Amino acid sequence: MAHLYCLWACAGESWSRPKRGRTNTTADVSALERIERTIAPSVEAMGYEIVRVRLSGGHRQTLQVMAERRDGQAMSVDDCVELSRAISAFLDVEDPLPGSYLLEVSSPGLDRPLVRRQHFERFAGHEARFELTRPLEGRRRFRGRLIGVEGEDVRVVVEGQEVKLPLEAISSAKLVLTDELLAAAQRRERT
């Protein structure tokens, strides 16, 4: 199952795919947190949950809002369009970023990012990849079966051994597309 993208033109820019390679600065993070706080109540009232808000691109910025349905059903293109219109209206009023940018509303897809504490709990039992901000036992990258969260650590079985990854040190985490993950998604769609 592919990611769904719906790009909405903001401030007169044309539609395009986001460029890779830009990392968010401290000012971006503050603006992104403010954007998420602003749009979250409306997004939730519409029956969706924000997975993450991210800014990418260099000269031409893309504001990505990744969301999923709260009822657990798969996102449709219509869902993305509905969210794009609502979020765009809020952003037009708030004007949170200087200059022009593209708004991209997307679904997380099956091999989704794990961003919030509840994501690590919800997807326990599935395989995931992790990247840390600092080395743990000489490594920054881990891949293994997600067990869940204990205190401030994410528990993962890596090569037969349990490893505890500090939540605050995880810079990125993502589910790995496996037959087991596909089967779980198909079971969810049937219900």
# chains A, B, ... in the order shown; residues from 1 in each chain; ligands from 1
$ residues_around --residues "Phe142 of chain A" --least-positions-apart "6" --cutoff "7 Å" --atoms "only C-alpha atoms" --output "list of chain:residue names"
A:Arg129, A:Phe130, A:Glu131
$ write_last_selection --atoms "N, CA, C and O atoms" --output "compact mmCIF listing (two decimals), in the first residue's frame"
# COMPACT_ATOMS: atom_id res chain seq x y z
N ARG A 129 13.01 -0.02 12.19
CA ARG A 129 14.37 0.51 12.12
C ARG A 129 14.44 1.77 12.96
O ARG A 129 13.51 2.57 12.96
N PHE A 130 15.56 1.94 13.62
CA PHE A 130 15.75 3.09 14.50
C PHE A 130 17.09 3.75 14.20
O PHE A 130 18.07 3.05 13.94
N GLU A 131 17.12 5.04 14.29
CA GLU A 131 18.37 5.78 14.21
C GLU A 131 18.42 6.69 15.43
O GLU A 131 17.45 7.38 15.75
$ closest_atom_pairs --of "segment 75-133 of chain A" --to "segment 43-50 of chain A" --cutoff "10 Å" --atoms "only C-alpha atoms" --output "tab-separated table"
residue	atom	partner	partner_atom	distance
A:Met75	CA	A:Tyr48	CA	9.5
A:Asp79	CA	A:Tyr48	CA	9.0
A:Glu82	CA	A:Met46	CA	9.1
A:Leu83	CA	A:Val43	CA	7.2
A:Ala86	CA	A:Val43	CA	8.1
A:Ile87	CA	A:Val43	CA	7.9
A:Ser107	CA	A:Ile50	CA	9.6
A:Pro108	CA	A:Ile50	CA	9.8
$ select_by_dssp --residues "segment 115-147 of chain A" --states "helix (DSSP H, G or I)" --output "PDB file with N, CA and C atoms, in the first residue's frame"
ATOM      1  N   ARG A 117       5.160   8.370  21.457  1.00  0.00           N
ATOM      2  CA  ARG A 117       5.246   7.249  22.399  1.00  0.00           C
ATOM      3  C   ARG A 117       4.185   6.193  22.086  1.00  0.00           C
ATOM      4  N   GLN A 118       2.941   6.631  21.831  1.00  0.00           N
ATOM      5  CA  GLN A 118       1.863   5.669  21.581  1.00  0.00           C
ATOM      6  C   GLN A 118       2.078   4.867  20.302  1.00  0.00           C
ATOM      7  N   HIS A 119       2.855   5.400  19.337  1.00  0.00           N
ATOM      8  CA  HIS A 119       3.157   4.629  18.129  1.00  0.00           C
ATOM      9  C   HIS A 119       4.008   3.406  18.474  1.00  0.00           C
ATOM     10  N   PHE A 120       4.979   3.591  19.372  1.00  0.00           N
ATOM     11  CA  PHE A 120       5.847   2.475  19.761  1.00  0.00           C
ATOM     12  C   PHE A 120       5.057   1.411  20.514  1.00  0.00           C
ATOM     13  N   GLU A 121       4.038   1.829  21.248  1.00  0.00           N
ATOM     14  CA  GLU A 121       3.192   0.869  21.965  1.00  0.00           C
ATOM     15  C   GLU A 121       2.221   0.182  21.012  1.00  0.00           C
ATOM     16  N   ARG A 122       1.608   0.966  20.123  1.00  0.00           N
ATOM     17  CA  ARG A 122       0.592   0.450  19.199  1.00  0.00           C
ATOM     18  C   ARG A 122       1.153  -0.577  18.222  1.00  0.00           C
TER      19      ARG A 122
END
$ closest_atom_pairs --of "segment 39-62 of chain A" --to "segment 93-105 of chain A" --cutoff "10 Å" --atoms "only C-alpha atoms" --output "CSV"
residue,atom,partner,partner_atom,distance
A:Val53,CA,A:Val105,CA,9.4
A:Arg54,CA,A:Glu104,CA,9.7
A:Leu55,CA,A:Tyr101,CA,9.3
A:Ser56,CA,A:Tyr101,CA,9.7
A:Gly57,CA,A:Tyr101,CA,9.3
A:His59,CA,A:Tyr101,CA,9.3
A:Arg60,CA,A:Tyr101,CA,6.3
A:Gln61,CA,A:Tyr101,CA,4.8
A:Thr62,CA,A:Leu102,CA,4.6
$ closest_residue --among "A:Glu150, A:Asp71, A:Glu168, A:Asp92" --to "Arg116 of chain A" --atoms "only C-alpha atoms"
A:Glu168
$ residues_around --residues "Arg140 of chain A" --least-positions-apart "2" --cutoff "10 Å" --atoms "only C-alpha atoms" --output "PDB file with N, CA, C and O atoms, in the first residue's frame"
ATOM      1  N   PHE A 130      15.562   1.941  13.618  1.00  0.00           N
ATOM      2  CA  PHE A 130      15.752   3.087  14.500  1.00  0.00           C
ATOM      3  C   PHE A 130      17.089   3.745  14.201  1.00  0.00           C
ATOM      4  O   PHE A 130      18.071   3.054  13.943  1.00  0.00           O
ATOM      5  N   GLU A 131      17.118   5.038  14.289  1.00  0.00           N
ATOM      6  CA  GLU A 131      18.365   5.782  14.212  1.00  0.00           C
ATOM      7  C   GLU A 131      18.419   6.694  15.434  1.00  0.00           C
ATOM      8  O   GLU A 131      17.447   7.377  15.746  1.00  0.00           O
ATOM      9  N   LEU A 132      19.567   6.690  16.104  1.00  0.00           N
ATOM     10  CA  LEU A 132      19.735   7.472  17.329  1.00  0.00           C
ATOM     11  C   LEU A 132      20.562   8.724  17.079  1.00  0.00           C
ATOM     12  O   LEU A 132      21.375   8.770  16.158  1.00  0.00           O
ATOM     13  N   THR A 133      20.374   9.703  17.940  1.00  0.00           N
ATOM     14  CA  THR A 133      21.146  10.942  17.842  1.00  0.00           C
ATOM     15  C   THR A 133      22.565  10.755  18.356  1.00  0.00           C
ATOM     16  O   THR A 133      23.454  11.521  18.014  1.00  0.00           O
ATOM     17  N   ARG A 134      22.755   9.738  19.195  1.00  0.00           N
ATOM     18  CA  ARG A 134      24.081   9.445  19.750  1.00  0.00           C
ATOM     19  C   ARG A 134      24.239   7.923  19.840  1.00  0.00           C
ATOM     20  O   ARG A 134      23.262   7.201  19.959  1.00  0.00           O
ATOM     21  N   PRO A 135      25.467   7.444  19.778  1.00  0.00           N
ATOM     22  CA  PRO A 135      25.686   5.990  19.805  1.00  0.00           C
ATOM     23  C   PRO A 135      25.255   5.347  21.129  1.00  0.00           C
ATOM     24  O   PRO A 135      25.377   5.942  22.192  1.00  0.00           O
ATOM     25  N   LEU A 136      24.751   4.141  21.023  1.00  0.00           N
ATOM     26  CA  LEU A 136      24.424   3.304  22.163  1.00  0.00           C
ATOM     27  C   LEU A 136      25.150   1.992  21.927  1.00  0.00           C
ATOM     28  O   LEU A 136      24.943   1.349  20.891  1.00  0.00           O
ATOM     29  N   GLU A 137      26.021   1.628  22.841  1.00  0.00           N
ATOM     30  CA  GLU A 137      26.836   0.421  22.678  1.00  0.00           C
ATOM     31  C   GLU A 137      27.576   0.443  21.340  1.00  0.00           C
ATOM     32  O   GLU A 137      27.699  -0.572  20.646  1.00  0.00           O
ATOM     33  N   GLY A 138      28.049   1.641  20.954  1.00  0.00           N
ATOM     34  CA  GLY A 138      28.839   1.801  19.740  1.00  0.00           C
ATOM     35  C   GLY A 138      28.048   1.858  18.441  1.00  0.00           C
ATOM     36  O   GLY A 138      28.631   1.890  17.366  1.00  0.00           O
ATOM     37  N   PHE A 142      19.676   0.641  14.555  1.00  0.00           N
ATOM     38  CA  PHE A 142      19.199  -0.633  15.055  1.00  0.00           C
ATOM     39  C   PHE A 142      18.006  -1.076  14.220  1.00  0.00           C
ATOM     40  O   PHE A 142      17.243  -0.251  13.719  1.00  0.00           O
ATOM     41  N   ALA A 169      16.568   9.860  22.579  1.00  0.00           N
ATOM     42  CA  ALA A 169      17.721   9.735  21.678  1.00  0.00           C
ATOM     43  C   ALA A 169      17.337   9.224  20.299  1.00  0.00           C
ATOM     44  O   ALA A 169      18.175   9.164  19.405  1.00  0.00           O
ATOM     45  N   ILE A 170      16.058   8.879  20.085  1.00  0.00           N
ATOM     46  CA  ILE A 170      15.630   8.352  18.785  1.00  0.00           C
ATOM     47  C   ILE A 170      15.383   9.528  17.853  1.00  0.00           C
ATOM     48  O   ILE A 170      14.488  10.336  18.062  1.00  0.00           O
ATOM     49  N   SER A 171      16.206   9.621  16.802  1.00  0.00           N
ATOM     50  CA  SER A 171      16.021  10.702  15.830  1.00  0.00           C
ATOM     51  C   SER A 171      15.028  10.299  14.744  1.00  0.00           C
ATOM     52  O   SER A 171      14.329  11.144  14.199  1.00  0.00           O
TER      53      SER A 171
END
$ select_by_dssp --residues "segment 11-189 of chain A" --states "strand (DSSP E or B)" --output "MDAnalysis selection string"
chainID A and resid 48:56 61:69 101:106 113 127:136 139:150 153:158 161:166 170:175
$ closest_residue --among "A:Glu33, A:Ser42, A:Met66, A:Ser106" --to "Val81 of chain A" --atoms "only C-alpha atoms"
A:Ser106
$ closest_residue --among "A:Ala173, A:Leu91, A:His126, A:Gly148" --to "Arg34 of chain A" --atoms "only C-alpha atoms"
A:Leu91
$ atom_distance --atom1 "atom CA of Arg112 of chain A" --atom2 "atom CA of Leu175 of chain A"
5.6 Å
$ atom_distance --atom1 "atom CA of Arg70 of chain A" --atom2 "atom CA of Phe123 of chain A"
15.2 Å
$ atom_distance --atom1 "atom CA of Glu36 of chain A" --atom2 "atom CA of Ala74 of chain A"
21.8 Å
$ residues_around --residues "segment 153-166 of chain A" --least-positions-apart "5" --cutoff "7 Å" --atoms "only C-alpha atoms" --output "PyMOL selection string"
chain A and resi 143-148
$ write_last_selection --atoms "N, CA and C atoms" --output "CSV table (one decimal), in the first residue's frame"
chain,number,residue,atom,x,y,z
A,143,ARG,N,17.8,-2.4,14.1
A,143,ARG,CA,16.7,-3.0,13.4
A,143,ARG,C,16.3,-4.2,14.2
A,144,GLY,N,15.0,-4.3,14.6
A,144,GLY,CA,14.6,-5.4,15.3
A,144,GLY,C,13.1,-5.4,15.6
A,145,ARG,N,12.6,-6.4,16.4
A,145,ARG,CA,11.2,-6.5,16.7
A,145,ARG,C,10.9,-5.6,17.9
A,146,LEU,N,9.9,-4.7,17.7
A,146,LEU,CA,9.5,-3.7,18.7
A,146,LEU,C,8.7,-4.5,19.8
A,147,ILE,N,9.1,-4.3,21.0
A,147,ILE,CA,8.4,-4.9,22.2
A,147,ILE,C,7.4,-3.9,22.8
A,148,GLY,N,7.8,-2.6,22.9
A,148,GLY,CA,6.9,-1.6,23.5
A,148,GLY,C,7.8,-0.6,24.2
$ residues_around --residues "Lys174 of chain A" --least-positions-apart "2" --cutoff "9 Å" --atoms "only C-alpha atoms" --output "PyMOL selection string"
chain A and resi 111-115+127-130+172+176
$ decode --residues "segment 169-185 of chain A" --atoms "all heavy atoms" --output "PDB file, in the first residue's frame"
ATOM      1  N   ALA A 169      16.568   9.860  22.579  1.00  0.00           N
ATOM      2  CA  ALA A 169      17.721   9.735  21.678  1.00  0.00           C
ATOM      3  C   ALA A 169      17.337   9.224  20.299  1.00  0.00           C
ATOM      4  O   ALA A 169      18.175   9.164  19.405  1.00  0.00           O
ATOM      5  CB  ALA A 169      18.764   8.807  22.297  1.00  0.00           C
ATOM      6  N   ILE A 170      16.058   8.879  20.085  1.00  0.00           N
ATOM      7  CA  ILE A 170      15.630   8.352  18.785  1.00  0.00           C
ATOM      8  C   ILE A 170      15.383   9.528  17.853  1.00  0.00           C
ATOM      9  O   ILE A 170      14.488  10.336  18.062  1.00  0.00           O
ATOM     10  CB  ILE A 170      14.363   7.487  18.926  1.00  0.00           C
ATOM     11  CG1 ILE A 170      14.660   6.258  19.796  1.00  0.00           C
ATOM     12  CG2 ILE A 170      13.840   7.071  17.548  1.00  0.00           C
ATOM     13  CD1 ILE A 170      13.448   5.410  20.125  1.00  0.00           C
ATOM     14  N   SER A 171      16.206   9.621  16.802  1.00  0.00           N
ATOM     15  CA  SER A 171      16.021  10.702  15.830  1.00  0.00           C
ATOM     16  C   SER A 171      15.028  10.299  14.744  1.00  0.00           C
ATOM     17  O   SER A 171      14.329  11.144  14.199  1.00  0.00           O
ATOM     18  CB  SER A 171      17.346  11.125  15.201  1.00  0.00           C
ATOM     19  OG  SER A 171      17.920  10.057  14.492  1.00  0.00           O
ATOM     20  N   SER A 172      14.963   9.005  14.428  1.00  0.00           N
ATOM     21  CA  SER A 172      13.952   8.522  13.488  1.00  0.00           C
ATOM     22  C   SER A 172      13.695   7.045  13.753  1.00  0.00           C
ATOM     23  O   SER A 172      14.591   6.304  14.160  1.00  0.00           O
ATOM     24  CB  SER A 172      14.382   8.749  12.033  1.00  0.00           C
ATOM     25  OG  SER A 172      15.474   7.933  11.711  1.00  0.00           O
ATOM     26  N   ALA A 173      12.465   6.660  13.498  1.00  0.00           N
ATOM     27  CA  ALA A 173      12.063   5.262  13.635  1.00  0.00           C
ATOM     28  C   ALA A 173      10.976   5.004  12.604  1.00  0.00           C
ATOM     29  O   ALA A 173      10.146   5.877  12.334  1.00  0.00           O
ATOM     30  CB  ALA A 173      11.539   4.977  15.039  1.00  0.00           C
ATOM     31  N   LYS A 174      11.009   3.808  12.028  1.00  0.00           N
ATOM     32  CA  LYS A 174      10.072   3.497  10.958  1.00  0.00           C
ATOM     33  C   LYS A 174       9.800   2.004  10.945  1.00  0.00           C
ATOM     34  O   LYS A 174      10.716   1.203  11.133  1.00  0.00           O
ATOM     35  CB  LYS A 174      10.696   3.941   9.630  1.00  0.00           C
ATOM     36  CG  LYS A 174       9.814   3.789   8.445  1.00  0.00           C
ATOM     37  CD  LYS A 174      10.495   4.363   7.211  1.00  0.00           C
ATOM     38  CE  LYS A 174       9.555   4.269   6.036  1.00  0.00           C
ATOM     39  NZ  LYS A 174      10.091   4.892   4.852  1.00  0.00           N
ATOM     40  N   LEU A 175       8.550   1.627  10.708  1.00  0.00           N
ATOM     41  CA  LEU A 175       8.226   0.216  10.559  1.00  0.00           C
ATOM     42  C   LEU A 175       8.863  -0.314   9.286  1.00  0.00           C
ATOM     43  O   LEU A 175       9.020   0.414   8.303  1.00  0.00           O
ATOM     44  CB  LEU A 175       6.707   0.011  10.482  1.00  0.00           C
ATOM     45  CG  LEU A 175       5.921   0.229  11.765  1.00  0.00           C
ATOM     46  CD1 LEU A 175       4.434   0.020  11.509  1.00  0.00           C
ATOM     47  CD2 LEU A 175       6.396  -0.679  12.884  1.00  0.00           C
ATOM     48  N   VAL A 176       9.216  -1.580   9.321  1.00  0.00           N
ATOM     49  CA  VAL A 176       9.776  -2.265   8.156  1.00  0.00           C
ATOM     50  C   VAL A 176       8.631  -3.025   7.488  1.00  0.00           C
ATOM     51  O   VAL A 176       7.860  -3.718   8.160  1.00  0.00           O
ATOM     52  CB  VAL A 176      10.900  -3.240   8.574  1.00  0.00           C
ATOM     53  CG1 VAL A 176      11.391  -4.058   7.387  1.00  0.00           C
ATOM     54  CG2 VAL A 176      12.041  -2.477   9.221  1.00  0.00           C
ATOM     55  N   LEU A 177       8.516  -2.891   6.181  1.00  0.00           N
ATOM     56  CA  LEU A 177       7.463  -3.564   5.436  1.00  0.00           C
ATOM     57  C   LEU A 177       7.770  -5.057   5.384  1.00  0.00           C
ATOM     58  O   LEU A 177       8.743  -5.486   4.768  1.00  0.00           O
ATOM     59  CB  LEU A 177       7.374  -2.982   4.023  1.00  0.00           C
ATOM     60  CG  LEU A 177       6.140  -3.341   3.214  1.00  0.00           C
ATOM     61  CD1 LEU A 177       4.866  -2.951   3.940  1.00  0.00           C
ATOM     62  CD2 LEU A 177       6.198  -2.652   1.866  1.00  0.00           C
ATOM     63  N   THR A 178       6.949  -5.832   6.074  1.00  0.00           N
ATOM     64  CA  THR A 178       7.114  -7.285   6.122  1.00  0.00           C
ATOM     65  C   THR A 178       5.784  -7.945   5.760  1.00  0.00           C
ATOM     66  O   THR A 178       4.738  -7.294   5.757  1.00  0.00           O
ATOM     67  CB  THR A 178       7.519  -7.748   7.548  1.00  0.00           C
ATOM     68  OG1 THR A 178       6.467  -7.388   8.456  1.00  0.00           O
ATOM     69  CG2 THR A 178       8.838  -7.127   7.984  1.00  0.00           C
ATOM     70  N   ASP A 179       5.822  -9.242   5.503  1.00  0.00           N
ATOM     71  CA  ASP A 179       4.587  -9.984   5.231  1.00  0.00           C
ATOM     72  C   ASP A 179       3.643  -9.895   6.427  1.00  0.00           C
ATOM     73  O   ASP A 179       2.430  -9.788   6.265  1.00  0.00           O
ATOM     74  CB  ASP A 179       4.897 -11.453   4.917  1.00  0.00           C
ATOM     75  CG  ASP A 179       5.576 -11.631   3.565  1.00  0.00           C
ATOM     76  OD1 ASP A 179       5.470 -10.719   2.716  1.00  0.00           O
ATOM     77  OD2 ASP A 179       6.218 -12.688   3.366  1.00  0.00           O
ATOM     78  N   GLU A 180       4.204  -9.940   7.627  1.00  0.00           N
ATOM     79  CA  GLU A 180       3.402  -9.853   8.848  1.00  0.00           C
ATOM     80  C   GLU A 180       2.681  -8.507   8.952  1.00  0.00           C
ATOM     81  O   GLU A 180       1.508  -8.439   9.314  1.00  0.00           O
ATOM     82  CB  GLU A 180       4.329 -10.063  10.054  1.00  0.00           C
ATOM     83  CG  GLU A 180       3.626 -10.111  11.372  1.00  0.00           C
ATOM     84  CD  GLU A 180       4.625 -10.345  12.502  1.00  0.00           C
ATOM     85  OE1 GLU A 180       5.573  -9.545  12.640  1.00  0.00           O
ATOM     86  OE2 GLU A 180       4.438 -11.321  13.237  1.00  0.00           O
ATOM     87  N   LEU A 181       3.365  -7.427   8.603  1.00  0.00           N
ATOM     88  CA  LEU A 181       2.762  -6.093   8.637  1.00  0.00           C
ATOM     89  C   LEU A 181       1.656  -5.986   7.576  1.00  0.00           C
ATOM     90  O   LEU A 181       0.586  -5.432   7.852  1.00  0.00           O
ATOM     91  CB  LEU A 181       3.833  -5.019   8.414  1.00  0.00           C
ATOM     92  CG  LEU A 181       3.384  -3.569   8.530  1.00  0.00           C
ATOM     93  CD1 LEU A 181       2.824  -3.259   9.910  1.00  0.00           C
ATOM     94  CD2 LEU A 181       4.556  -2.633   8.217  1.00  0.00           C
ATOM     95  N   LEU A 182       1.904  -6.524   6.389  1.00  0.00           N
ATOM     96  CA  LEU A 182       0.881  -6.529   5.334  1.00  0.00           C
ATOM     97  C   LEU A 182      -0.357  -7.310   5.769  1.00  0.00           C
ATOM     98  O   LEU A 182      -1.488  -6.865   5.556  1.00  0.00           O
ATOM     99  CB  LEU A 182       1.444  -7.125   4.046  1.00  0.00           C
ATOM    100  CG  LEU A 182       2.424  -6.259   3.267  1.00  0.00           C
ATOM    101  CD1 LEU A 182       3.115  -7.075   2.180  1.00  0.00           C
ATOM    102  CD2 LEU A 182       1.724  -5.060   2.678  1.00  0.00           C
ATOM    103  N   ALA A 183      -0.145  -8.468   6.390  1.00  0.00           N
ATOM    104  CA  ALA A 183      -1.267  -9.289   6.853  1.00  0.00           C
ATOM    105  C   ALA A 183      -2.071  -8.556   7.924  1.00  0.00           C
ATOM    106  O   ALA A 183      -3.309  -8.595   7.914  1.00  0.00           O
ATOM    107  CB  ALA A 183      -0.753 -10.626   7.383  1.00  0.00           C
ATOM    108  N   ALA A 184      -1.404  -7.873   8.833  1.00  0.00           N
ATOM    109  CA  ALA A 184      -2.097  -7.110   9.882  1.00  0.00           C
ATOM    110  C   ALA A 184      -2.943  -5.994   9.256  1.00  0.00           C
ATOM    111  O   ALA A 184      -4.072  -5.746   9.691  1.00  0.00           O
ATOM    112  CB  ALA A 184      -1.084  -6.548  10.879  1.00  0.00           C
ATOM    113  N   ALA A 185      -2.403  -5.332   8.238  1.00  0.00           N
ATOM    114  CA  ALA A 185      -3.147  -4.257   7.566  1.00  0.00           C
ATOM    115  C   ALA A 185      -4.369  -4.817   6.851  1.00  0.00           C
ATOM    116  O   ALA A 185      -5.449  -4.203   6.883  1.00  0.00           O
ATOM    117  CB  ALA A 185      -2.235  -3.534   6.587  1.00  0.00           C
TER     118      ALA A 185
END
